[in-house]
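With mmCIF, C-alpha atoms and all ligand atoms inside, this is input_19.cif:
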```
data_target
loop_
_atom_site.label_atom_id
_atom_site.label_comp_id
_atom_site.auth_asym_id
_atom_site.auth_seq_id
_atom_site.Cartn_x
_atom_site.Cartn_y
_atom_site.Cartn_z
CA MET A 7 102.59 3.17 49.24
CA SER A 8 98.80 2.88 49.58
CA VAL A 9 97.21 0.30 47.38
CA LEU A 10 93.72 -1.08 46.94
CA GLU A 11 93.97 -4.84 46.57
CA ILE A 12 91.25 -7.00 45.07
CA ASP A 13 92.28 -10.48 46.04
CA HIS A 14 90.74 -13.65 44.57
CA LEU A 15 87.11 -12.56 44.65
CA ASN A 16 84.58 -15.27 43.82
CA LYS A 17 80.87 -14.62 43.43
CA ALA A 18 77.97 -16.69 42.10
CA TYR A 19 74.36 -15.65 41.54
CA GLY A 20 72.60 -19.00 41.84
CA SER A 21 74.09 -21.19 39.13
CA LEU A 22 75.85 -18.29 37.36
CA ARG A 23 79.49 -17.81 38.23
CA ALA A 24 79.81 -14.01 38.01
CA LEU A 25 83.41 -13.75 39.32
CA THR A 26 86.19 -16.32 39.37
CA ASP A 27 89.37 -15.45 41.28
CA MET A 28 89.12 -11.77 40.32
CA THR A 29 92.50 -10.34 41.33
CA PHE A 30 94.19 -7.00 40.65
CA ASP A 31 95.30 -3.89 42.47
CA VAL A 32 94.86 -0.15 42.06
CA ARG A 33 97.81 1.89 43.24
CA ALA A 34 97.89 5.32 44.79
CA GLY A 35 98.18 7.96 42.09
CA GLU A 36 97.01 5.83 39.21
CA ILE A 37 93.88 5.68 37.09
CA PHE A 38 92.86 2.10 36.46
CA GLY A 39 90.49 1.31 33.59
CA PHE A 40 88.20 -1.65 34.15
CA VAL A 41 86.87 -2.92 30.82
CA GLY A 42 84.95 -5.94 29.58
CA SER A 43 81.84 -6.77 27.62
CA ASN A 44 78.32 -6.49 29.05
CA GLY A 45 77.88 -8.92 31.92
CA ALA A 46 81.64 -9.55 32.35
CA GLY A 47 81.53 -8.81 36.10
CA LYS A 48 82.72 -5.22 36.49
CA THR A 49 79.73 -3.93 38.46
CA THR A 50 79.74 -7.04 40.63
CA THR A 51 83.42 -6.46 41.46
CA MET A 52 82.84 -2.78 42.25
CA ARG A 53 79.83 -3.52 44.44
CA ILE A 54 81.90 -6.01 46.42
CA MET A 55 84.67 -3.41 46.74
CA LEU A 56 82.14 -1.06 48.32
CA GLY A 57 80.57 -3.70 50.56
CA VAL A 58 77.19 -3.24 48.85
CA LEU A 59 77.45 -6.91 47.92
CA ALA A 60 79.20 -9.76 49.74
CA ALA A 61 81.71 -12.00 47.96
CA ASP A 62 81.49 -15.78 48.37
CA SER A 63 85.23 -15.71 49.02
CA GLY A 64 88.20 -13.38 48.62
CA GLU A 65 89.09 -10.01 50.12
CA VAL A 66 89.37 -6.32 49.35
CA ARG A 67 92.20 -4.57 51.24
CA TRP A 68 93.22 -0.95 51.55
CA ASP A 69 96.71 -0.27 52.90
CA GLY A 70 96.95 -3.96 53.78
CA GLN A 71 93.80 -3.92 55.95
CA VAL A 72 90.52 -5.55 54.99
CA LEU A 73 88.23 -2.72 53.86
CA ASP A 74 85.73 -2.44 56.72
CA LEU A 75 82.71 -0.20 57.15
CA GLN A 76 84.80 2.62 58.63
CA ALA A 77 87.33 2.57 55.78
CA ARG A 78 84.53 2.44 53.21
CA ARG A 79 83.40 5.89 54.32
CA ARG A 80 86.65 7.15 52.80
CA VAL A 81 85.71 5.76 49.38
CA GLY A 82 83.97 7.87 46.75
CA TYR A 83 81.58 5.63 44.82
CA MET A 84 79.53 6.29 41.72
CA PRO A 85 77.14 3.36 41.37
CA GLU A 86 75.94 2.16 37.98
CA GLU A 87 72.30 2.45 39.00
CA ARG A 88 72.98 6.03 40.23
CA GLY A 89 71.52 6.88 43.58
CA LEU A 90 70.17 10.40 43.78
CA TYR A 91 66.78 11.33 45.20
CA PRO A 92 64.89 12.83 42.24
CA LYS A 93 62.74 15.16 44.34
CA MET A 94 65.50 16.64 46.46
CA LYS A 95 67.47 19.77 45.61
CA VAL A 96 70.96 19.23 44.21
CA GLY A 97 72.77 21.31 46.86
CA ALA A 98 70.82 19.97 49.84
CA GLN A 99 71.31 16.40 48.67
CA LEU A 100 75.06 16.75 48.25
CA GLU A 101 75.37 18.45 51.65
CA LEU A 102 73.45 15.57 53.21
CA LEU A 103 75.75 13.00 51.58
CA ALA A 104 78.85 14.90 52.69
CA GLY A 105 77.45 14.97 56.23
CA LEU A 106 76.88 11.20 56.14
CA HIS A 107 80.56 10.85 55.35
CA GLY A 108 81.43 12.81 58.50
CA MET A 109 81.88 16.38 57.22
CA SER A 110 80.82 19.37 59.30
CA ARG A 111 77.97 21.53 57.93
CA ASP A 112 80.25 24.40 56.92
CA ASP A 113 82.84 22.16 55.28
CA ALA A 114 80.08 20.30 53.47
CA ARG A 115 78.58 23.55 52.14
CA ASP A 116 81.99 24.77 50.91
CA ALA A 117 82.79 21.43 49.29
CA VAL A 118 79.40 21.27 47.56
CA ARG A 119 79.90 24.77 46.17
CA THR A 120 83.41 23.93 44.95
CA TRP A 121 82.49 20.67 43.25
CA THR A 122 79.22 21.75 41.68
CA ASP A 123 80.96 24.83 40.24
CA ARG A 124 83.88 22.74 39.02
CA LEU A 125 81.57 20.21 37.36
CA GLY A 126 79.48 22.90 35.68
CA VAL A 127 76.25 22.45 37.67
CA GLY A 128 76.73 25.30 40.17
CA ALA A 129 73.72 27.16 38.75
CA ARG A 130 71.51 24.12 39.41
CA ARG A 131 72.18 23.76 43.15
CA GLY A 132 68.67 25.02 43.94
CA ASP A 133 66.90 22.70 41.45
CA ASP A 134 65.36 19.32 42.16
CA VAL A 135 67.55 16.58 40.69
CA GLU A 136 64.74 15.32 38.44
CA LYS A 137 64.66 18.67 36.63
CA LEU A 138 68.22 18.18 35.37
CA SER A 139 69.13 16.47 32.10
CA LEU A 140 70.63 12.99 32.44
CA GLY A 141 74.12 14.28 31.71
CA ASN A 142 73.81 16.98 34.37
CA GLN A 143 72.46 14.42 36.85
CA GLN A 144 75.59 12.44 36.15
CA ARG A 145 77.75 15.47 36.90
CA VAL A 146 75.90 15.77 40.22
CA GLN A 147 76.48 12.06 40.81
CA LEU A 148 80.21 12.59 40.34
CA ALA A 149 80.06 15.53 42.74
CA ALA A 150 78.42 13.14 45.23
CA ALA A 151 81.38 10.77 44.88
CA LEU A 152 83.91 13.60 45.34
CA VAL A 153 82.37 15.90 47.86
CA HIS A 154 83.79 14.24 50.98
CA GLU A 155 87.35 14.27 49.60
CA PRO A 156 87.65 10.50 49.40
CA ASP A 157 90.92 8.55 49.65
CA VAL A 158 89.79 6.12 46.96
CA LEU A 159 87.52 6.63 43.91
CA VAL A 160 85.44 3.78 42.45
CA LEU A 161 83.29 4.86 39.51
CA ASP A 162 80.96 2.61 37.54
CA GLU A 163 80.70 3.92 33.96
CA PRO A 164 81.11 7.58 34.91
CA PHE A 165 81.47 8.70 31.27
CA SER A 166 78.40 7.08 29.77
CA GLY A 167 75.99 9.65 28.34
CA LEU A 168 78.24 12.68 28.88
CA ASP A 169 78.80 15.30 26.20
CA PRO A 170 82.41 15.90 25.05
CA VAL A 171 82.86 18.96 27.29
CA ALA A 172 81.68 17.01 30.33
CA VAL A 173 84.00 14.14 29.36
CA ASP A 174 86.92 16.59 29.36
CA VAL A 175 85.92 18.04 32.73
CA MET A 176 85.46 14.57 34.24
CA SER A 177 88.80 13.36 32.77
CA ALA A 178 90.62 16.37 34.22
CA VAL A 179 89.06 15.79 37.65
CA LEU A 180 90.05 12.11 37.69
CA ARG A 181 93.63 12.94 36.66
CA GLU A 182 93.83 15.63 39.32
CA ARG A 183 92.57 13.26 42.05
CA ALA A 184 95.04 10.57 40.93
CA ASP A 185 97.87 13.13 40.95
CA ALA A 186 96.87 13.96 44.52
CA GLY A 187 97.60 10.31 45.40
CA VAL A 188 94.09 8.86 45.18
CA PRO A 189 93.73 5.45 43.51
CA VAL A 190 91.03 5.84 40.86
CA ILE A 191 89.22 2.93 39.21
CA PHE A 192 86.48 3.33 36.66
CA SER A 193 84.65 1.03 34.29
CA SER A 194 83.89 2.07 30.74
CA HIS A 195 83.01 0.83 27.29
CA GLN A 196 84.64 3.92 25.73
CA LEU A 197 87.98 2.34 24.93
CA ASP A 198 89.53 5.37 23.22
CA LEU A 199 88.95 7.27 26.43
CA VAL A 200 90.36 4.46 28.57
CA GLU A 201 93.42 4.30 26.32
CA ARG A 202 93.94 8.05 26.65
CA LEU A 203 93.31 8.38 30.36
CA CYS A 204 94.37 5.24 32.18
CA ASP A 205 97.76 4.32 33.58
CA ARG A 206 96.79 0.64 33.71
CA VAL A 207 93.95 -1.40 32.34
CA GLY A 208 92.31 -4.69 33.23
CA ILE A 209 90.26 -6.55 30.61
CA VAL A 210 87.64 -8.88 32.08
CA ARG A 211 85.86 -11.71 30.36
CA ALA A 212 83.22 -13.95 31.91
CA GLY A 213 84.18 -12.97 35.46
CA ARG A 214 87.92 -13.51 35.06
CA MET A 215 90.74 -11.01 34.63
CA GLN A 216 92.14 -11.86 31.20
CA ALA A 217 94.71 -9.14 30.58
CA LEU A 218 96.27 -6.66 32.97
CA GLY A 219 98.94 -4.02 32.54
CA THR A 220 99.84 -0.62 31.18
CA ILE A 221 98.55 0.11 27.69
CA ASP A 222 102.13 -0.25 26.45
CA GLU A 223 102.53 -3.64 28.11
CA LEU A 224 99.24 -4.87 26.69
CA ARG A 225 100.12 -3.63 23.22
CA SER A 226 103.43 -5.50 23.20
CA THR A 227 101.80 -8.84 22.47
CA ASP A 228 103.48 -11.72 20.69
CA GLN A 229 100.74 -11.60 18.04
CA GLU A 230 102.18 -9.71 15.12
CA ARG A 231 99.94 -7.45 13.04
CA TRP A 232 100.44 -5.71 9.74
CA VAL A 233 98.70 -3.35 7.37
CA LEU A 234 98.89 -4.83 3.89
CA ASP A 235 98.55 -2.55 0.88
CA VAL A 236 98.24 -4.45 -2.43
CA ASP A 237 97.31 -2.98 -5.78
CA ALA A 238 94.12 -5.06 -5.99
CA ASP A 239 90.47 -4.96 -4.99
CA GLN A 240 90.08 -5.18 -1.17
CA ARG A 241 87.52 -7.99 -1.34
CA THR A 242 89.81 -10.08 -3.55
CA VAL A 243 92.69 -9.52 -1.16
CA LEU A 244 90.56 -10.49 1.85
CA ALA A 245 89.36 -13.66 0.12
CA ARG A 246 92.89 -14.75 -0.87
CA LEU A 247 94.54 -13.84 2.43
CA SER A 248 91.90 -15.66 4.45
CA GLN A 249 93.34 -18.86 2.97
CA VAL A 250 96.76 -18.22 4.52
CA PRO A 251 97.17 -20.57 7.49
CA ALA A 252 97.70 -19.00 10.96
CA ALA A 253 96.54 -15.54 9.84
CA THR A 254 93.34 -13.60 10.51
CA VAL A 255 92.42 -10.85 8.07
CA SER A 256 90.01 -7.93 8.32
CA PRO A 257 89.31 -4.83 6.23
CA GLY A 258 91.54 -1.80 6.84
CA ASP A 259 91.19 1.78 5.59
CA GLY A 260 90.79 2.33 1.85
CA ARG A 261 92.02 -0.71 -0.01
CA THR A 262 94.29 -1.93 2.81
CA VAL A 263 93.81 -5.12 4.79
CA MET A 264 94.75 -5.83 8.41
CA VAL A 265 96.56 -9.11 8.95
CA GLN A 266 97.12 -10.71 12.34
CA ALA A 267 99.30 -13.75 12.98
CA HIS A 268 97.96 -16.38 15.35
CA PRO A 269 99.88 -16.69 18.65
CA GLY A 270 103.14 -18.60 18.26
CA ALA A 271 102.81 -18.87 14.46
CA THR A 272 106.06 -18.54 12.49
CA ASP A 273 106.79 -17.15 9.04
CA VAL A 274 103.32 -15.72 8.59
CA THR A 275 104.89 -12.65 6.92
CA GLY A 276 106.42 -14.80 4.18
CA ALA A 277 103.14 -16.60 3.49
CA VAL A 278 101.19 -13.32 3.45
CA LEU A 279 103.68 -11.71 1.09
CA ARG A 280 103.61 -14.66 -1.32
CA ALA A 281 99.80 -14.68 -1.40
CA ALA A 282 99.68 -10.89 -1.87
CA LEU A 283 102.18 -10.94 -4.75
CA GLU A 284 99.85 -13.31 -6.64
CA LEU A 285 97.27 -10.50 -6.68
CA GLY A 286 99.27 -7.45 -7.66
CA GLN A 287 102.03 -5.06 -6.72
CA VAL A 288 102.60 -4.96 -2.95
CA ARG A 289 102.92 -1.33 -1.87
CA GLY A 290 103.48 -2.07 1.77
CA LEU A 291 103.40 -4.65 4.55
CA THR A 292 103.79 -2.47 7.62
CA PRO A 293 103.89 -3.82 11.20
CA VAL A 294 101.40 -2.10 13.53
CA ARG A 295 100.84 -2.15 17.26
CA PRO A 296 97.30 -3.05 18.36
CA SER A 297 94.98 -0.40 19.80
CA LEU A 298 93.12 -1.09 23.04
CA THR A 299 90.04 -1.79 20.90
CA ASP A 300 91.99 -4.46 18.96
CA LEU A 301 93.16 -6.02 22.23
CA PHE A 302 89.65 -5.91 23.65
CA ARG A 303 88.30 -7.68 20.57
CA ASP A 304 91.01 -10.34 20.88
CA VAL A 305 90.35 -10.96 24.53
CA VAL A 306 86.59 -10.60 24.71
CA SER A 307 84.70 -10.66 21.44
CA ALA A 308 86.69 -13.34 19.66
CA GLN A 309 85.76 -15.86 22.33
CA GLU A 310 82.33 -15.32 23.84
CA PRO A 311 81.94 -17.43 27.00
CA THR A 312 80.03 -20.63 26.68
CA ALA A 313 77.11 -21.29 29.04
CA THR A 314 78.99 -24.11 30.78
CA GLU A 315 82.03 -21.91 31.31
CA GLN A 316 80.02 -19.67 33.65
CA GLU A 317 77.99 -22.40 35.31
CA VAL A 318 78.79 -23.21 38.91
CA SER A 319 79.88 -26.86 39.12
CA ARG A 320 77.88 -28.81 41.63
N1 LIG A 401 71.50 -9.51 41.17
C1 LIG A 401 71.83 -10.39 40.23
N2 LIG A 401 71.21 -11.59 40.14
C2 LIG A 401 71.54 -12.51 39.20
N3 LIG A 401 72.52 -12.31 38.28
C3 LIG A 401 73.17 -11.14 38.31
C4 LIG A 401 72.87 -10.12 39.27
N4 LIG A 401 73.69 -9.07 39.05
C5 LIG A 401 74.47 -9.40 38.00
N5 LIG A 401 74.16 -10.64 37.55
C6 LIG A 401 74.84 -11.38 36.44
O1 LIG A 401 76.22 -11.44 36.76
C7 LIG A 401 77.02 -11.24 35.59
C8 LIG A 401 77.95 -10.05 35.82
O2 LIG A 401 77.16 -8.86 35.82
P1 LIG A 401 77.77 -7.41 36.05
O3 LIG A 401 76.64 -6.46 36.18
O4 LIG A 401 78.77 -7.47 37.16
O5 LIG A 401 78.56 -7.17 34.67
P2 LIG A 401 79.19 -5.83 34.06
O6 LIG A 401 80.56 -6.20 33.58
O7 LIG A 401 79.11 -4.71 35.01
O8 LIG A 401 78.25 -5.57 32.80
P3 LIG A 401 77.80 -4.18 32.06
O9 LIG A 401 78.99 -3.73 31.27
O10 LIG A 401 76.69 -4.64 31.18
O11 LIG A 401 77.37 -3.21 33.11
C9 LIG A 401 76.04 -11.07 34.44
O12 LIG A 401 75.87 -12.32 33.80
C10 LIG A 401 74.76 -10.62 35.13
O13 LIG A 401 73.62 -11.01 34.37
#
```

Using structure tokens, write down the structure that the file contains.
Ligand SMILES: Nc1ncnc2c1ncn2[C@@H]1O[C@H](COP(=O)(O)OP(=O)(O)OP(=O)(O)O)[C@@H](O)[C@H]1O
Amino acid sequence: MSVLEIDHLNKAYGSLRALTDMTFDVRAGEIFGFVGSNGAGKTTTMRIMLGVLAADSGEVRWDGQVLDLQARRRVGYMPEERGLYPKMKVGAQLELLAGLHGMSRDDARDAVRTWTDRLGVGARRGDDVEKLSLGNQQRVQLAAALVHEPDVLVLDEPFSGLDPVAVDVMSAVLRERADAGVPVIFSSHQLDLVERLCDRVGIVRAGRMQALGTIDELRSTDQERWVLDVDADQRTVLARLSQVPAATVSPGDGRTVMVQAHPGATDVTGAVLRAALELGQVRGLTPVRPSLTDLFRDVVSAQEPTATEQEVSR
């Protein structure tokens, strides 16, 4: 089966190590969500995948072959910096791009009509790009990535700035392309969307892949979590529970408190329960599975990279 392999990519910008052994794959028919905080290395990875940027070492392979210039024509790419000519008409620009990817004039015209209609900007084909709102320009940018019927889709933050209807249209298009056997990778900070849409997710921190798997796999961590409901003031509960060793507490909904055991810690439940009972009647201590946002916070926010961690050793 076709697979896009990102194999031990390393990249430094001067003394900043932007990528360290970045490794993962995107399989035919799946949507892969690429997430990480600002500056984690997602755009750098995607630019290297497209050959817009050279890696210091490592490879990108498609079907087992190093992705060369020819193969890259079969990739649909939506760059973060967007790349449309503001003073050119939407339709003419998309036809030009389709032609650059090897499509005949007639095929290009048909494909442009199909995709602009599908993405809700059919009525704007005759307008200069700069006359469109940012969200509509983004729809056109997605059409540019799709118009040549690519074998692979690489999209850098395709959902940012879209209204909910456009998000639904874009989501449906990505699912449809994946179902047609196209590997789809996109970066996003909208984790609820990633959780809903993606078959697998990679969480990047400081240029390294930190967690990789299906949402289910990632959620089955060894770090237990509970919602604690005690008949007491939330602030009092937080203050008391924060003294329990090997537990991290945070506010939940209403008067509840979220409790998370540190990795490998034992009998945290017992200690939490004892502390809670000192404060009032315990109405519940319910185990919960983490959301992607919880996992992201664990992996990324809880441990911001230090300057030395991302410095190239000399
Ligand atoms: N051309 C460049 N020159 C120097 N440093 C760069 C360059 N491009 C990116 N960087 C640095 O490399 C690191 C990775 O940046 P990158 O844009 O890949 O992150 P990102 O995960 O896409 O972030 P965001 O979510 O903010 O778009 C950052 O520290 C960034 O400042």

What's the 10 Å shell around Thr51 (chain A), counting only C-alpha atoms, without same-chain residues fewer than 3 positions away, as number ranges by chain?
A: 12, 15-17, 24-25, 28-29, 40, 46-48, 54-57, 59-61, 66, 213

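With distances restricted to all atoms listed in the file, A:Ile209 is the closest residue to ligand LIG 401 (chain A) from A:Leu152, A:Ile209, A:Ala117, A:Ala104.
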
Neighbouring residues of ligand LIG 401 (chain A) are defined here as those with any atom at most 9 Å from a ligand atom, counting only C-alpha atoms and all ligand atoms; list them as a PyMOL selection string.
chain A and resi 17-20+22-25+40-53+86+162-163+193-195+210-213+316

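Of the listed residues (A:Ile37, A:Val58, A:Ala282, A:Val250), A:Ile37 comes nearest to Leu203 (chain A); the distances count all atoms listed in the file.
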
Please write out, as AutoDock Vina command-line options, where the centre of an axis-aligned box around all listed atoms of region 86-90 of chain A lies and how long its edges are, in Å to one decimal, after adding 3 Å on each side.
```
--center_x 73.1 --center_y 6.3 --center_z 40.9 --size_x 11.8 --size_y 14.2 --size_z 11.8
```

Identify, on the basis of only C-alpha atoms, every residue whose closest approach to Arg202 (chain A) does not exceed 12 Å; exclude the query and any residue fewer than 3 positions from it along the same chain; express the result as an mmCIF file with C-alpha atoms, in the coordinates of the input.
```
data_model
loop_
_atom_site.group_PDB
_atom_site.id
_atom_site.type_symbol
_atom_site.label_atom_id
_atom_site.label_comp_id
_atom_site.auth_asym_id
_atom_site.auth_seq_id
_atom_site.Cartn_x
_atom_site.Cartn_y
_atom_site.Cartn_z
ATOM 1 C CA ILE A 37 93.880 5.680 37.090
ATOM 2 C CA PHE A 38 92.860 2.100 36.460
ATOM 3 C CA GLY A 39 90.490 1.310 33.590
ATOM 4 C CA VAL A 173 84.000 14.140 29.360
ATOM 5 C CA ASP A 174 86.920 16.590 29.360
ATOM 6 C CA SER A 177 88.800 13.360 32.770
ATOM 7 C CA ALA A 178 90.620 16.370 34.220
ATOM 8 C CA ARG A 181 93.630 12.940 36.660
ATOM 9 C CA GLN A 196 84.640 3.920 25.730
ATOM 10 C CA LEU A 197 87.980 2.340 24.930
ATOM 11 C CA ASP A 198 89.530 5.370 23.220
ATOM 12 C CA LEU A 199 88.950 7.270 26.430
ATOM 13 C CA ASP A 205 97.760 4.320 33.580
ATOM 14 C CA ARG A 206 96.790 0.640 33.710
ATOM 15 C CA VAL A 207 93.950 -1.400 32.340
ATOM 16 C CA THR A 220 99.840 -0.620 31.180
ATOM 17 C CA ILE A 221 98.550 0.110 27.690
ATOM 18 C CA ASP A 222 102.130 -0.250 26.450
ATOM 19 C CA SER A 297 94.980 -0.400 19.800
ATOM 20 C CA LEU A 298 93.120 -1.090 23.040
#
```

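Across A:Ala34, A:Val263, A:Val288, A:Val72, the tightest approach to Ala184 (chain A) is made by A:Ala34 when counting all atoms listed in the file.
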
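Computed from the coordinates, the CA of Arg115 (chain A) to CA of Gly97 (chain A) distance equals 8.2 Å.
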
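One finds CA of Arg67 (chain A) at 15.0 Å from CA of Asp27 (chain A).
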
I'd like the neighbourhood of Pro296 (chain A) as a list in words, where a residue qualifies if any of its atoms comes within 10 Å (using all atoms listed in the file), though same-chain residues fewer than 2 positions away should be ignored.
Ile221, Asp222, Leu224, Arg225, Ser226, Thr227, Gln229, Glu230, Arg231, Trp232, Gln266, Pro293, Val294, Leu298, Thr299, Asp300, Leu301, Phe302 and Asp304 of chain A

Mind checking which residues fall within 12 Å of Tyr91 (chain A), counting all atoms listed in the file, ignoring those fewer than 4 positions away in the same chain, and posting them as a PyMOL selection string?
chain A and resi 95-100+102-103+133-137+143+146-147+150

Tell me, as a PyMOL selection string, which residues lie within 12 Å of Leu148 (chain A), counting all atoms listed in the file; anything in the same chain fewer than 6 positions away does not count.
chain A and resi 82-86+88-90+100+118+121-122+124-127+141-142+154-156+159-165+168+172-173+175-177+179-180+192

If I put a ball of radius 8 Å at (97.4, -1.2, 47.3) in the file's coordinates, which residues poke into it when counting only C-alpha atoms, written as a PDB file with C-alpha atoms, in the coordinates of the input?
```pdb
ATOM      1  CA  MET A   7     102.590   3.170  49.240  1.00  0.00           C
ATOM      2  CA  SER A   8      98.800   2.880  49.580  1.00  0.00           C
ATOM      3  CA  VAL A   9      97.210   0.300  47.380  1.00  0.00           C
ATOM      4  CA  LEU A  10      93.720  -1.080  46.940  1.00  0.00           C
ATOM      5  CA  GLU A  11      93.970  -4.840  46.570  1.00  0.00           C
ATOM      6  CA  ASP A  31      95.300  -3.890  42.470  1.00  0.00           C
ATOM      7  CA  VAL A  32      94.860  -0.150  42.060  1.00  0.00           C
ATOM      8  CA  ARG A  33      97.810   1.890  43.240  1.00  0.00           C
ATOM      9  CA  ALA A  34      97.890   5.320  44.790  1.00  0.00           C
ATOM     10  CA  ARG A  67      92.200  -4.570  51.240  1.00  0.00           C
ATOM     11  CA  TRP A  68      93.220  -0.950  51.550  1.00  0.00           C
ATOM     12  CA  ASP A  69      96.710  -0.270  52.900  1.00  0.00           C
ATOM     13  CA  GLY A  70      96.950  -3.960  53.780  1.00  0.00           C
TER      14      GLY A  70
END
```

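One finds CA of Asp157 (chain A) at 23.8 Å from CA of Glu201 (chain A).
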
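Counting all atoms listed in the file, the residue from A:Val188, A:Met109, A:Val158, A:Met94 that sits nearest to Arg130 (chain A) is A:Met94.
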
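Each of A:Gly167, A:Arg119, A:Gly290, A:Pro251 was checked against His268 (chain A) using all atoms listed in the file; the smallest atom-to-atom distance is that of A:Pro251.
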